[in-house]
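Student: Below: one structure in structure tokens.
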Amino acid sequence: MIYIITHKRVKLPKLDKYLPLQVGSSLHEHLDYLTDDTGDNISEKNPNYCELTGLYWIWKNTKDDYKGLVHYRRYFGKSDFSSSFEQIYSYDELKGFLQDHDLVTSYVANFKQNAHDEIMIHCCTEEIFGKLRASVAKCSPEYLSDFDKFFNQNKAVLFNMMFCRGDLFDEYCQWLFTILFNLEPQVDLSSLNAYQQRLYGFLSERLLNIWILHKELKVKHLPIVNTEMPMKEKITNYRRQITNQIFYTLKK
């Protein structure tokens with residue numbers, strides 16, 4: 001099953017095995033969707049964990065052979081600068097990619113800075129970053145060299161979107177939430193602004209890259225169809241695609 005993470009009622013694609021999941025539902029009026037406040041859940045952490053409350057719910061409360069997470073406005077698709085539902089890959093198409101890959105996730109984004117400096121700009125502090133590294137060192141010390149390697153490069157996959165076998169999905173969640181739950185009591189969110197307080201969602205985007213790097217997974221990177229994409233973002237994505245085409249042509 002592919003779970004569409006949402007916090008509001010939206011128009012959804014009519015695709016088999018795509019199912020909307022309302023996150024932060026313990027804090028808001030329920031919609032006519034699955035909610036993340038049943039069973040084993042962390043729904044109340046949604047203001048700081050974002051889509052991760054949905055990720056946690058999927059991990060703890062489902063036994064699908066294949067599990068995926070997308071967003072109400074972001075889906076795996078065939079074009080980075082499309083907003084059309086028709087461009088979204090079906091469940092069977094995504095499953096087909098796993099014949100030759102371990103994981104489906106988003107395109108690789110390139111930063112002007114290295115990943116450490118980039119996260120400092122947007123949502124983190126040096127103190128929190130140090131505590132994050134220490135949490136990785138405590139919970140998964142074998143990942144520490146990959147942590148340093150990732151944050152010294154200037155590229156990443158973002159959005160916390162993924163599709164893979166259910167057992168691999170669950171393995172990732174076990175690793176991720178062990179680190180984040182160890183980190184959480186050490187962090188004072190009051191020093192951050194409202195946007196930055198979505199901290200654990202942002203940190204997990206980077207941690208996914210470290211997990212992939214350490215496990216040497218074979219990854220299928222796909223464009224993202226954004227069904228609410230403004231024209232400015234379409235132009236930005238188009239320019240990025242052209243730049244990447246030039247880069248890979250020169251590399252060859």
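Lettering and numbering for the structure tokens are positional, with chains as A, B, ... in the shown order, residues counted from 1 in each chain, and ligands counted from 1 in the shown order.
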With a distance cut-off of 10 Å and only C-alpha atoms, select the neighbouring residues of A:Phe129, excluding the residue or stretch itself and same-chain residues fewer than 6 positions from it, and output the selection as JSON, numbers by chain.

Tutor: {"A": [116, 119, 120, 135, 203]}

Student: Skipping near chain neighbours, those fewer than 6 positions away, what residues fall within 12 Å of A:Asp92 using only C-alpha atoms, listed as a VMD selection string?

Tutor: chain A and resid 1 to 2 15 to 18 66 98 to 99 163

Student: Would you mind exporting the chosen residues as an mmCIF file, in the first residue's frame, restricted to N, CA and C atoms?

Tutor:
```cif
data_model
loop_
_atom_site.group_PDB
_atom_site.id
_atom_site.type_symbol
_atom_site.label_atom_id
_atom_site.label_comp_id
_atom_site.auth_asym_id
_atom_site.auth_seq_id
_atom_site.Cartn_x
_atom_site.Cartn_y
_atom_site.Cartn_z
ATOM 1 N N MET A 1 0.844 -1.197 0.000
ATOM 2 C CA MET A 1 0.000 0.000 0.000
ATOM 3 C C MET A 1 0.883 1.252 0.000
ATOM 4 N N ILE A 2 0.432 2.271 -0.696
ATOM 5 C CA ILE A 2 1.097 3.571 -0.688
ATOM 6 C C ILE A 2 0.197 4.540 0.069
ATOM 7 N N LEU A 15 -6.121 6.054 -7.837
ATOM 8 C CA LEU A 15 -5.170 4.997 -8.164
ATOM 9 C C LEU A 15 -5.303 3.853 -7.169
ATOM 10 N N ASP A 16 -5.230 2.636 -7.684
ATOM 11 C CA ASP A 16 -5.338 1.452 -6.846
ATOM 12 C C ASP A 16 -4.177 1.382 -5.865
ATOM 13 N N LYS A 17 -4.478 1.010 -4.625
ATOM 14 C CA LYS A 17 -3.503 0.826 -3.551
ATOM 15 C C LYS A 17 -2.817 2.128 -3.133
ATOM 16 N N TYR A 18 -3.473 3.250 -3.359
ATOM 17 C CA TYR A 18 -3.091 4.536 -2.784
ATOM 18 C C TYR A 18 -4.153 4.880 -1.749
ATOM 19 N N TYR A 66 4.557 -4.467 0.549
ATOM 20 C CA TYR A 66 5.285 -3.286 0.071
ATOM 21 C C TYR A 66 4.649 -2.062 0.710
ATOM 22 N N LEU A 98 11.216 -2.194 -8.321
ATOM 23 C CA LEU A 98 11.905 -2.937 -7.270
ATOM 24 C C LEU A 98 12.435 -4.288 -7.746
ATOM 25 N N GLN A 99 12.190 -4.621 -8.994
ATOM 26 C CA GLN A 99 12.805 -5.818 -9.549
ATOM 27 C C GLN A 99 14.312 -5.645 -9.656
ATOM 28 N N PHE A 163 9.362 4.095 -1.281
ATOM 29 C CA PHE A 163 8.558 2.906 -1.595
ATOM 30 C C PHE A 163 9.512 1.730 -1.640
#
```

Student: Distance atom CA of A:Lys215-atom CA of A:Leu94, one decimal place?

Tutor: 20.9 Å

Student: Return the single residue from A:Lys67, A:Gln22, A:Lys149, A:Tyr49 that is closest to A:Asp37, with distances computed using only C-alpha atoms.

Tutor: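 That would be A:Gln22, the residue with the smallest distance to A:Asp37.
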
Student: Find the residues near A:Met161: any atom within 7 Å, counting only C-alpha atoms, skip ones fewer than 6 places away on the same chain, and give them as number ranges by chain.

Tutor: A: 69-70, 105-106

Student: Save out the residues we just selected, N, CA and C atoms, as a short mmCIF file (atom, residue, chain, number, x, y, z; two decimals), in the first residue's frame.

Tutor:
```cif
data_model
loop_
_atom_site.label_atom_id
_atom_site.label_comp_id
_atom_site.auth_asym_id
_atom_site.auth_seq_id
_atom_site.Cartn_x
_atom_site.Cartn_y
_atom_site.Cartn_z
N LEU A 69 5.30 5.89 1.10
CA LEU A 69 4.82 7.15 1.67
C LEU A 69 5.01 8.24 0.64
N VAL A 70 3.92 8.93 0.33
CA VAL A 70 3.95 10.11 -0.53
C VAL A 70 3.14 11.20 0.17
N THR A 105 12.85 6.40 -4.34
CA THR A 105 12.74 7.66 -3.61
C THR A 105 12.86 8.81 -4.61
N SER A 106 12.95 10.04 -4.10
CA SER A 106 12.90 11.21 -4.96
C SER A 106 14.22 11.46 -5.67
#
```

Student: Counting only C-alpha atoms, which of A:Leu207, A:Leu199, A:Leu55, A:Ala156 gets nearest to A:Ser140?

Tutor: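 Result for the nearest residue to A:Ser140: A:Leu207.
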
Student: What's around stretch 170-179 of chain A at 10 Å? Count only C-alpha atoms, leave out sequence neighbours fewer than 6 positions away in its own chain, and write the answer as JSON, numbers by chain.

Tutor: {"A": [52, 55, 56, 58, 59, 60, 62, 63, 67, 132, 133, 134, 135, 136, 137, 138, 139, 140, 164, 200, 203, 204, 207, 208, 211, 212]}

Student: Which residue is closest to A:Gly54? Choose from A:Ser190, A:Ser90, A:Thr6, A:Asn152 and count only C-alpha atoms.

Tutor: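 Residue with the minimum atom-to-atom distance to A:Gly54: A:Thr6.
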
Student: Just checking: using only C-alpha atoms, which residue out of A:Gln197, A:Asn209, A:Thr227, A:Ser43 ends up closest to A:Cys123?

Tutor: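 So, comparing all the options, the nearest one is A:Gln197.
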